[in-house]
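Trainee: Got work_23.pdb for you, PDB, C-alpha atoms:
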ATOM      1  CA  MET F   1     -21.582 -51.609  -0.756  1.00  0.00           C
ATOM      2  CA  GLY F   2     -18.948 -52.715   1.670  1.00  0.00           C
ATOM      3  CA  GLY F   3     -17.772 -51.320   4.929  1.00  0.00           C
ATOM      4  CA  HIS F   4     -15.162 -51.752   7.611  1.00  0.00           C
ATOM      5  CA  CYS F   5     -15.587 -55.546   7.573  1.00  0.00           C
ATOM      6  CA  ILE F   6     -14.066 -55.871   4.087  1.00  0.00           C
ATOM      7  CA  PRO F   7     -10.430 -55.835   5.260  1.00  0.00           C
ATOM      8  CA  VAL F   8     -11.337 -57.849   8.388  1.00  0.00           C
ATOM      9  CA  ASP F   9     -13.211 -60.803   6.873  1.00  0.00           C
ATOM     10  CA  PRO F  10     -10.222 -62.079   4.850  1.00  0.00           C
ATOM     11  CA  VAL F  11      -8.252 -62.342   8.110  1.00  0.00           C
ATOM     12  CA  TYR F  12     -10.784 -64.861   9.412  1.00  0.00           C
ATOM     13  CA  LEU F  13     -10.947 -66.617   6.056  1.00  0.00           C
ATOM     14  CA  THR F  14      -7.171 -67.039   5.778  1.00  0.00           C
ATOM     15  CA  HIS F  15      -6.901 -68.156   9.411  1.00  0.00           C
ATOM     16  CA  TRP F  16      -9.460 -70.917   8.933  1.00  0.00           C
ATOM     17  CA  ALA F  17      -8.020 -71.889   5.554  1.00  0.00           C
ATOM     18  CA  ARG F  18      -4.541 -72.302   7.106  1.00  0.00           C
ATOM     19  CA  THR F  19      -6.032 -74.219  10.032  1.00  0.00           C
ATOM     20  CA  GLY F  20      -7.662 -76.535   7.491  1.00  0.00           C
ATOM     21  CA  GLY F  21      -4.372 -76.975   5.636  1.00  0.00           C
ATOM     22  CA  THR F  22      -5.285 -74.863   2.591  1.00  0.00           C
ATOM     23  CA  PRO F  23      -3.504 -71.508   2.684  1.00  0.00           C
ATOM     24  CA  LEU F  24      -4.988 -68.803   0.465  1.00  0.00           C
ATOM     25  CA  ARG F  25      -1.819 -67.020  -0.629  1.00  0.00           C
ATOM     26  CA  LEU F  26      -3.534 -64.622  -3.047  1.00  0.00           C
ATOM     27  CA  VAL F  27      -5.864 -63.388  -0.292  1.00  0.00           C
ATOM     28  CA  GLU F  28      -2.892 -63.035   2.071  1.00  0.00           C
ATOM     29  CA  LEU F  29      -0.945 -61.060  -0.528  1.00  0.00           C
ATOM     30  CA  SER F  30      -3.894 -58.731  -1.103  1.00  0.00           C
ATOM     31  CA  GLN F  31      -4.042 -58.097   2.649  1.00  0.00           C
ATOM     32  CA  GLU F  32      -0.342 -57.178   2.619  1.00  0.00           C
ATOM     33  CA  VAL F  33      -0.855 -54.777  -0.291  1.00  0.00           C
ATOM     34  CA  ASN F  34      -3.835 -53.108   1.431  1.00  0.00           C
ATOM     35  CA  ALA F  35      -1.929 -52.779   4.709  1.00  0.00           C
ATOM     36  CA  GLY F  36       0.966 -51.097   2.908  1.00  0.00           C
ATOM     37  CA  MET F  37      -1.078 -48.535   0.970  1.00  0.00           C
ATOM     38  CA  PRO F  38      -0.909 -45.688   3.531  1.00  0.00           C
ATOM     39  CA  ALA F  39       2.899 -45.910   3.518  1.00  0.00           C
ATOM     40  CA  HIS F  40       2.856 -46.014  -0.288  1.00  0.00           C
ATOM     41  CA  VAL F  41       0.732 -42.837  -0.373  1.00  0.00           C
ATOM     42  CA  VAL F  42       3.196 -41.072   1.938  1.00  0.00           C
ATOM     43  CA  ARG F  43       6.207 -42.205  -0.134  1.00  0.00           C
ATOM     44  CA  ARG F  44       4.483 -40.986  -3.310  1.00  0.00           C
ATOM     45  CA  ALA F  45       3.692 -37.648  -1.634  1.00  0.00           C
ATOM     46  CA  GLU F  46       7.308 -37.293  -0.540  1.00  0.00           C
ATOM     47  CA  TYR F  47       8.526 -38.056  -4.073  1.00  0.00           C
ATOM     48  CA  LEU F  48       6.188 -35.471  -5.630  1.00  0.00           C
ATOM     49  CA  LEU F  49       7.256 -32.793  -3.158  1.00  0.00           C
ATOM     50  CA  ASN F  50      10.939 -33.620  -3.698  1.00  0.00           C
ATOM     51  CA  GLU F  51      10.451 -33.251  -7.458  1.00  0.00           C
ATOM     52  CA  ARG F  52       9.337 -29.693  -6.757  1.00  0.00           C
ATOM     53  CA  GLY F  53      12.290 -28.974  -4.494  1.00  0.00           C
ATOM     54  CA  SER F  54      10.237 -29.242  -1.296  1.00  0.00           C
ATOM     55  CA  ALA F  55      10.457 -31.628   1.626  1.00  0.00           C
ATOM     56  CA  LEU F  56       7.657 -33.516   3.327  1.00  0.00           C
ATOM     57  CA  ARG F  57       9.295 -32.546   6.620  1.00  0.00           C
ATOM     58  CA  GLU F  58       7.851 -29.025   6.567  1.00  0.00           C
ATOM     59  CA  ALA F  59       5.069 -29.371   4.022  1.00  0.00           C
ATOM     60  CA  ARG F  60       1.480 -28.333   4.614  1.00  0.00           C
ATOM     61  CA  VAL F  61      -0.635 -31.284   3.509  1.00  0.00           C
ATOM     62  CA  LEU F  62      -4.396 -31.302   3.008  1.00  0.00           C
ATOM     63  CA  LEU F  63      -6.274 -34.605   3.038  1.00  0.00           C
ATOM     64  CA  VAL F  64      -9.585 -34.412   1.188  1.00  0.00           C
ATOM     65  CA  GLY F  65     -12.067 -37.027   2.399  1.00  0.00           C
ATOM     66  CA  VAL F  66     -11.000 -39.025   5.446  1.00  0.00           C
ATOM     67  CA  THR F  67     -13.824 -41.521   5.950  1.00  0.00           C
ATOM     68  CA  TYR F  68     -13.503 -45.211   5.170  1.00  0.00           C
ATOM     69  CA  LYS F  69     -16.367 -45.176   2.724  1.00  0.00           C
ATOM     70  CA  ARG F  70     -17.548 -42.599   0.204  1.00  0.00           C
ATOM     71  CA  ASN F  71     -20.442 -40.330   1.289  1.00  0.00           C
ATOM     72  CA  SER F  72     -20.375 -41.784   4.798  1.00  0.00           C
ATOM     73  CA  THR F  73     -19.436 -40.712   8.323  1.00  0.00           C
ATOM     74  CA  ASP F  74     -17.734 -44.058   9.069  1.00  0.00           C
ATOM     75  CA  LEU F  75     -14.140 -43.541  10.218  1.00  0.00           C
ATOM     76  CA  ARG F  76     -13.549 -47.153  11.303  1.00  0.00           C
ATOM     77  CA  ALA F  77     -10.502 -48.631   9.545  1.00  0.00           C
ATOM     78  CA  THR F  78      -9.966 -45.524   7.416  1.00  0.00           C
ATOM     79  CA  PRO F  79      -6.531 -45.509   5.778  1.00  0.00           C
ATOM     80  CA  ALA F  80      -6.467 -41.738   6.294  1.00  0.00           C
ATOM     81  CA  ALA F  81      -5.613 -42.286   9.979  1.00  0.00           C
ATOM     82  CA  ALA F  82      -2.408 -44.148   9.106  1.00  0.00           C
ATOM     83  CA  ILE F  83      -1.584 -41.550   6.444  1.00  0.00           C
ATOM     84  CA  VAL F  84      -1.870 -38.747   9.032  1.00  0.00           C
ATOM     85  CA  GLN F  85       0.300 -40.586  11.529  1.00  0.00           C
ATOM     86  CA  LEU F  86       3.000 -41.297   8.927  1.00  0.00           C
ATOM     87  CA  MET F  87       2.865 -37.704   7.654  1.00  0.00           C
ATOM     88  CA  ARG F  88       3.239 -36.352  11.177  1.00  0.00           C
ATOM     89  CA  GLN F  89       6.156 -38.699  11.871  1.00  0.00           C
ATOM     90  CA  SER F  90       7.794 -37.229   8.768  1.00  0.00           C
ATOM     91  CA  GLY F  91       7.284 -33.703  10.105  1.00  0.00           C
ATOM     92  CA  ALA F  92       4.448 -32.594   7.824  1.00  0.00           C
ATOM     93  CA  GLY F  93       1.621 -30.379   9.017  1.00  0.00           C
ATOM     94  CA  VAL F  94      -1.703 -32.006   8.157  1.00  0.00           C
ATOM     95  CA  THR F  95      -5.215 -30.588   7.827  1.00  0.00           C
ATOM     96  CA  TYR F  96      -8.312 -32.244   6.415  1.00  0.00           C
ATOM     97  CA  HIS F  97     -11.500 -31.415   4.583  1.00  0.00           C
ATOM     98  CA  ASP F  98     -14.423 -33.800   4.893  1.00  0.00           C
ATOM     99  CA  PRO F  99     -18.060 -32.676   4.796  1.00  0.00           C
ATOM    100  CA  PHE F 100     -19.050 -35.743   6.845  1.00  0.00           C
ATOM    101  CA  VAL F 101     -16.521 -35.329   9.684  1.00  0.00           C
ATOM    102  CA  ASP F 102     -16.651 -32.314  12.018  1.00  0.00           C
ATOM    103  CA  THR F 103     -13.847 -33.399  14.351  1.00  0.00           C
ATOM    104  CA  TRP F 104     -11.169 -36.023  13.873  1.00  0.00           C
ATOM    105  CA  ALA F 105      -8.375 -37.190  16.165  1.00  0.00           C
ATOM    106  CA  PRO F 106      -6.609 -40.294  14.840  1.00  0.00           C
ATOM    107  CA  GLY F 107      -4.405 -41.771  17.539  1.00  0.00           C
ATOM    108  CA  GLY F 108      -5.934 -39.271  19.980  1.00  0.00           C
ATOM    109  CA  GLU F 109      -4.271 -36.268  18.329  1.00  0.00           C
ATOM    110  CA  PRO F 110      -6.716 -33.808  16.698  1.00  0.00           C
ATOM    111  CA  VAL F 111      -6.308 -32.816  13.066  1.00  0.00           C
ATOM    112  CA  LYS F 112      -7.358 -29.299  12.065  1.00  0.00           C
ATOM    113  CA  ARG F 113     -10.449 -29.235   9.858  1.00  0.00           C
ATOM    114  CA  SER F 114     -10.748 -26.986   6.813  1.00  0.00           C
ATOM    115  CA  VAL F 115     -14.328 -26.087   5.934  1.00  0.00           C
ATOM    116  CA  ASP F 116     -13.557 -24.793   2.431  1.00  0.00           C
ATOM    117  CA  ALA F 117     -11.842 -27.472   0.324  1.00  0.00           C
ATOM    118  CA  LEU F 118     -10.776 -25.122  -2.455  1.00  0.00           C
ATOM    119  CA  ALA F 119      -9.297 -22.438  -0.187  1.00  0.00           C
ATOM    120  CA  ALA F 120      -7.504 -25.114   1.836  1.00  0.00           C
ATOM    121  CA  ALA F 121      -6.113 -26.697  -1.352  1.00  0.00           C
ATOM    122  CA  ALA F 122      -4.814 -23.308  -2.494  1.00  0.00           C
ATOM    123  CA  ASP F 123      -3.033 -22.887   0.844  1.00  0.00           C
ATOM    124  CA  ALA F 124      -1.540 -26.406   1.028  1.00  0.00           C
ATOM    125  CA  ASP F 125       1.777 -27.455  -0.469  1.00  0.00           C
ATOM    126  CA  LEU F 126       0.179 -30.800  -1.320  1.00  0.00           C
ATOM    127  CA  THR F 127      -3.450 -31.892  -1.523  1.00  0.00           C
ATOM    128  CA  ILE F 128      -4.240 -35.604  -1.367  1.00  0.00           C
ATOM    129  CA  LEU F 129      -7.632 -36.896  -2.468  1.00  0.00           C
ATOM    130  CA  VAL F 130      -8.215 -39.810  -0.090  1.00  0.00           C
ATOM    131  CA  GLN F 131     -12.000 -40.188  -0.412  1.00  0.00           C
ATOM    132  CA  ASP F 132     -14.137 -38.834  -3.233  1.00  0.00           C
ATOM    133  CA  HIS F 133     -17.339 -37.598  -1.604  1.00  0.00           C
ATOM    134  CA  ASP F 134     -20.001 -36.323  -4.013  1.00  0.00           C
ATOM    135  CA  SER F 135     -20.323 -32.985  -2.191  1.00  0.00           C
ATOM    136  CA  VAL F 136     -16.636 -32.090  -2.649  1.00  0.00           C
ATOM    137  CA  PRO F 137     -16.041 -29.987  -5.796  1.00  0.00           C
ATOM    138  CA  LEU F 138     -13.593 -32.467  -7.331  1.00  0.00           C
ATOM    139  CA  ASP F 139     -13.857 -30.900 -10.785  1.00  0.00           C
ATOM    140  CA  ARG F 140     -12.464 -27.613  -9.401  1.00  0.00           C
ATOM    141  CA  LEU F 141      -9.833 -29.071  -7.084  1.00  0.00           C
ATOM    142  CA  PRO F 142      -7.109 -29.250  -9.797  1.00  0.00           C
ATOM    143  CA  GLU F 143      -7.385 -25.486 -10.459  1.00  0.00           C
ATOM    144  CA  TYR F 144      -6.781 -24.630  -6.791  1.00  0.00           C
ATOM    145  CA  ALA F 145      -4.289 -27.231  -5.584  1.00  0.00           C
ATOM    146  CA  ARG F 146      -0.611 -26.388  -5.996  1.00  0.00           C
ATOM    147  CA  LEU F 147       0.208 -30.094  -6.115  1.00  0.00           C
ATOM    148  CA  LEU F 148      -2.461 -32.786  -6.192  1.00  0.00           C
ATOM    149  CA  LEU F 149      -2.260 -36.534  -5.554  1.00  0.00           C
ATOM    150  CA  ASP F 150      -5.337 -38.538  -6.538  1.00  0.00           C
ATOM    151  CA  THR F 151      -5.573 -41.868  -4.700  1.00  0.00           C
ATOM    152  CA  ARG F 152      -9.033 -42.629  -6.135  1.00  0.00           C
ATOM    153  CA  GLY F 153      -8.441 -42.297  -9.873  1.00  0.00           C
ATOM    154  CA  ARG F 154     -11.204 -39.686 -10.113  1.00  0.00           C
ATOM    155  CA  LEU F 155      -9.095 -36.850 -11.533  1.00  0.00           C
ATOM    156  CA  ARG F 156      -7.504 -38.545 -14.530  1.00  0.00           C
ATOM    157  CA  GLY F 157      -6.905 -36.189 -17.425  1.00  0.00           C
ATOM    158  CA  THR F 158      -6.142 -33.261 -15.106  1.00  0.00           C
ATOM    159  CA  CYS F 159      -2.910 -32.008 -13.551  1.00  0.00           C
ATOM    160  CA  ALA F 160      -3.456 -34.439 -10.662  1.00  0.00           C
ATOM    161  CA  HIS F 161      -0.803 -37.071 -10.086  1.00  0.00           C
ATOM    162  CA  GLN F 162      -2.088 -40.612  -9.822  1.00  0.00           C
ATOM    163  CA  LEU F 163      -1.116 -43.017  -7.096  1.00  0.00           C
TER     164      LEU F 163
END
Using structure tokens, write down the structure that the file contains.
Mentor:
Amino acid sequence: MGGHCIPVDPVYLTHWARTGGTPLRLVELSQEVNAGMPAHVVRRAEYLLNERGSALREARVLLVGVTYKRNSTDLRATPAAAIVQLMRQSGAGVTYHDPFVDTWAPGGEPVKRSVDALAAAADADLTILVQDHDSVPLDRLPEYARLLLDTRGRLRGTCAHQL
């Protein structure tokens, strides 16, 4: 269900509603929240690293799952692209693991791919679960990751920090 049109369609809806004199404030607010989520993820990551005495500036960060939709190759409108750009602006080194994406260059700048999610998580200062693909060993990720941020709510009851 869903796809890249989900965050786009409300833009048209709110435009036409305003044109017709009936603003849809709740829809507009939800758009603002969605647009701000990548920055929220980066702030949360920075907070978690700081709690451990580390800085985002020199951290090695692994993003697990970078597609827009679960179990898909679709990278259109993926929030992972904004997360990478914000992480890089903060000075972090970013790699990714995604079984559906062989190469990835958000903003034209390639991101190094890790083929083995568990080995990459063990090597990273922070692992962020961005998309929960079925073929990623999510149940084992908490044992390997030094620090784990779960943006999907799939790792509740483990050592993973929730968004």
Trainee: Quick one: everything within 10 Å of range 156-158 of chain F, counting all atoms listed in the file, minus sequence neighbours fewer than 2 positions away in the same chain. Send it as a VMD selection string.
Mentor: chain F and resid 139 141 to 143 148 150 152 to 154 160 to 162
Trainee: Taking all atoms listed in the file into account, name the residue in F:Met37, F:Ala81, F:Ala45, F:Val101 that is nearest to His133 in chain F.
Mentor: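 Using all atoms listed in the file, the shortest distance to His133 in chain F belongs to F:Val101.
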Trainee: Given all atoms listed in the file as the basis, pick out the residue of F:Leu75, F:Val64, F:Leu147, F:Val115 nearest to Leu129 in chain F.
Mentor: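 Looking only at the distances to Leu129 in chain F, the closest residue turns out to be F:Val64.
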Trainee: Rounded to one decimal in Å, what is the spacing between CA of Arg52 in chain F and CA of Ala124 in chain F?
Mentor: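 CA of Ala124 in chain F lies 13.8 Å from CA of Arg52 in chain F.
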Trainee: Leaving out Leu126 in chain F and any residue of its chain fewer than 6 positions from it, which residues lie within 10 Å of it when counting all atoms listed in the file, given as JSON, numbers by chain?
Mentor: {"F": [45, 46, 48, 49, 56, 59, 60, 61, 62, 63, 94, 145, 146, 147, 148, 149]}
Trainee: Go ahead and save the picked residues with C-alpha atoms, as a PDB file, keeping the file's coordinate frame.
Mentor:
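Once written, out_2.pdb looks like this:
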ATOM      1  CA  ALA F  45       3.692 -37.648  -1.634  1.00  0.00           C
ATOM      2  CA  GLU F  46       7.308 -37.293  -0.540  1.00  0.00           C
ATOM      3  CA  LEU F  48       6.188 -35.471  -5.630  1.00  0.00           C
ATOM      4  CA  LEU F  49       7.256 -32.793  -3.158  1.00  0.00           C
ATOM      5  CA  LEU F  56       7.657 -33.516   3.327  1.00  0.00           C
ATOM      6  CA  ALA F  59       5.069 -29.371   4.022  1.00  0.00           C
ATOM      7  CA  ARG F  60       1.480 -28.333   4.614  1.00  0.00           C
ATOM      8  CA  VAL F  61      -0.635 -31.284   3.509  1.00  0.00           C
ATOM      9  CA  LEU F  62      -4.396 -31.302   3.008  1.00  0.00           C
ATOM     10  CA  LEU F  63      -6.274 -34.605   3.038  1.00  0.00           C
ATOM     11  CA  VAL F  94      -1.703 -32.006   8.157  1.00  0.00           C
ATOM     12  CA  ALA F 145      -4.289 -27.231  -5.584  1.00  0.00           C
ATOM     13  CA  ARG F 146      -0.611 -26.388  -5.996  1.00  0.00           C
ATOM     14  CA  LEU F 147       0.208 -30.094  -6.115  1.00  0.00           C
ATOM     15  CA  LEU F 148      -2.461 -32.786  -6.192  1.00  0.00           C
ATOM     16  CA  LEU F 149      -2.260 -36.534  -5.554  1.00  0.00           C
TER      17      LEU F 149
END
Trainee: Pick out the residues sitting within 12 Å of Leu29 in chain F, and hand them over as a list in words; count all atoms listed in the file, and ignore anything fewer than 6 positions along from it in its own chain.
Mentor: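 Here the qualifying residues turn out to be Pro10, Val11, Thr14, Pro23, Ala35 and Gly36 of chain F.
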Trainee: Rounded to one decimal, what separation in Å do you get between CA of Thr67 in chain F and CA of Ser54 in chain F?
Mentor: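 Pair CA of Thr67 in chain F / CA of Ser54 in chain F returns 28.0 Å.
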Trainee: Tell me, in Å to one decimal, how far CA of Gln89 in chain F is from CA of Ala122 in chain F.
Mentor: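 Value for the CA of Gln89 in chain F-CA of Ala122 in chain F distance: 23.7 Å.
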Trainee: Quick one: residues within 12 Å of Gly108 in chain F, all atoms listed in the file, excluding same-chain residues fewer than 2 positions away - as a PyMOL selection string?
Mentor: chain F and resi 81+84-85+103-106+110-111
Trainee: Write out the residues from the selection above, keeping C-alpha atoms, as a CSV table (one decimal), keeping the file's coordinate frame.
Mentor:
chain,number,residue,atom,x,y,z
F,81,ALA,CA,-5.6,-42.3,10.0
F,84,VAL,CA,-1.9,-38.7,9.0
F,85,GLN,CA,0.3,-40.6,11.5
F,103,THR,CA,-13.8,-33.4,14.4
F,104,TRP,CA,-11.2,-36.0,13.9
F,105,ALA,CA,-8.4,-37.2,16.2
F,106,PRO,CA,-6.6,-40.3,14.8
F,110,PRO,CA,-6.7,-33.8,16.7
F,111,VAL,CA,-6.3,-32.8,13.1
Trainee: When the PyMOL selection byres ((chain F and resi 79) around 8) is applied to the structure above, which residues does it catch, written out as a compact mmCIF listing (two decimals) with C-alpha atoms, in the coordinates of the input?
Mentor:
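Below is the file expr_28.txt, written as the result:
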# COMPACT_ATOMS: atom_id res chain seq x y z
CA MET F 37 -1.08 -48.54 0.97
CA PRO F 38 -0.91 -45.69 3.53
CA VAL F 66 -11.00 -39.02 5.45
CA TYR F 68 -13.50 -45.21 5.17
CA ALA F 77 -10.50 -48.63 9.54
CA THR F 78 -9.97 -45.52 7.42
CA ALA F 80 -6.47 -41.74 6.29
CA ALA F 81 -5.61 -42.29 9.98
CA ALA F 82 -2.41 -44.15 9.11
CA ILE F 83 -1.58 -41.55 6.44
Trainee: Using only C-alpha atoms, which residues sit within 8 Å of Arg113 in chain F once same-chain residues fewer than 4 positions away are excluded, as a VMD selection string?
Mentor: chain F and resid 95 to 98 102 to 104
Trainee: Would you translate the PyMOL selection byres ((chain F and resi 134) around 12) into the concrete set of residues it matches in this file, as a list of chain:residue names?
Mentor: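 Here the PyMOL selection byres ((chain F and resi 134) around 12) matches F:Val64, F:Gly65, F:Lys69, F:Arg70, F:Asn71, F:Ser72, F:Asp98, F:Pro99, F:Phe100, F:Gln131, F:Asp132, F:His133, F:Ser135, F:Val136, F:Pro137, F:Leu138, F:Asp139, F:Arg154.
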Trainee: What are the centre and edge lengths in Å, to one decimal, of the axis-aligned box around all listed atoms of range 26-34 of chain F with 4 Å added on each side, as lines of an AutoDock Vina configuration file?
Mentor:
center_x = -3.1
center_y = -58.9
center_z = -0.2
size_x = 13.5
size_y = 19.5
size_z = 13.7
Trainee: Closest to Ala39 in chain F among F:Gly93, F:Ala120, F:Met87, F:Val130, using only C-alpha atoms?
Mentor: F:Met87
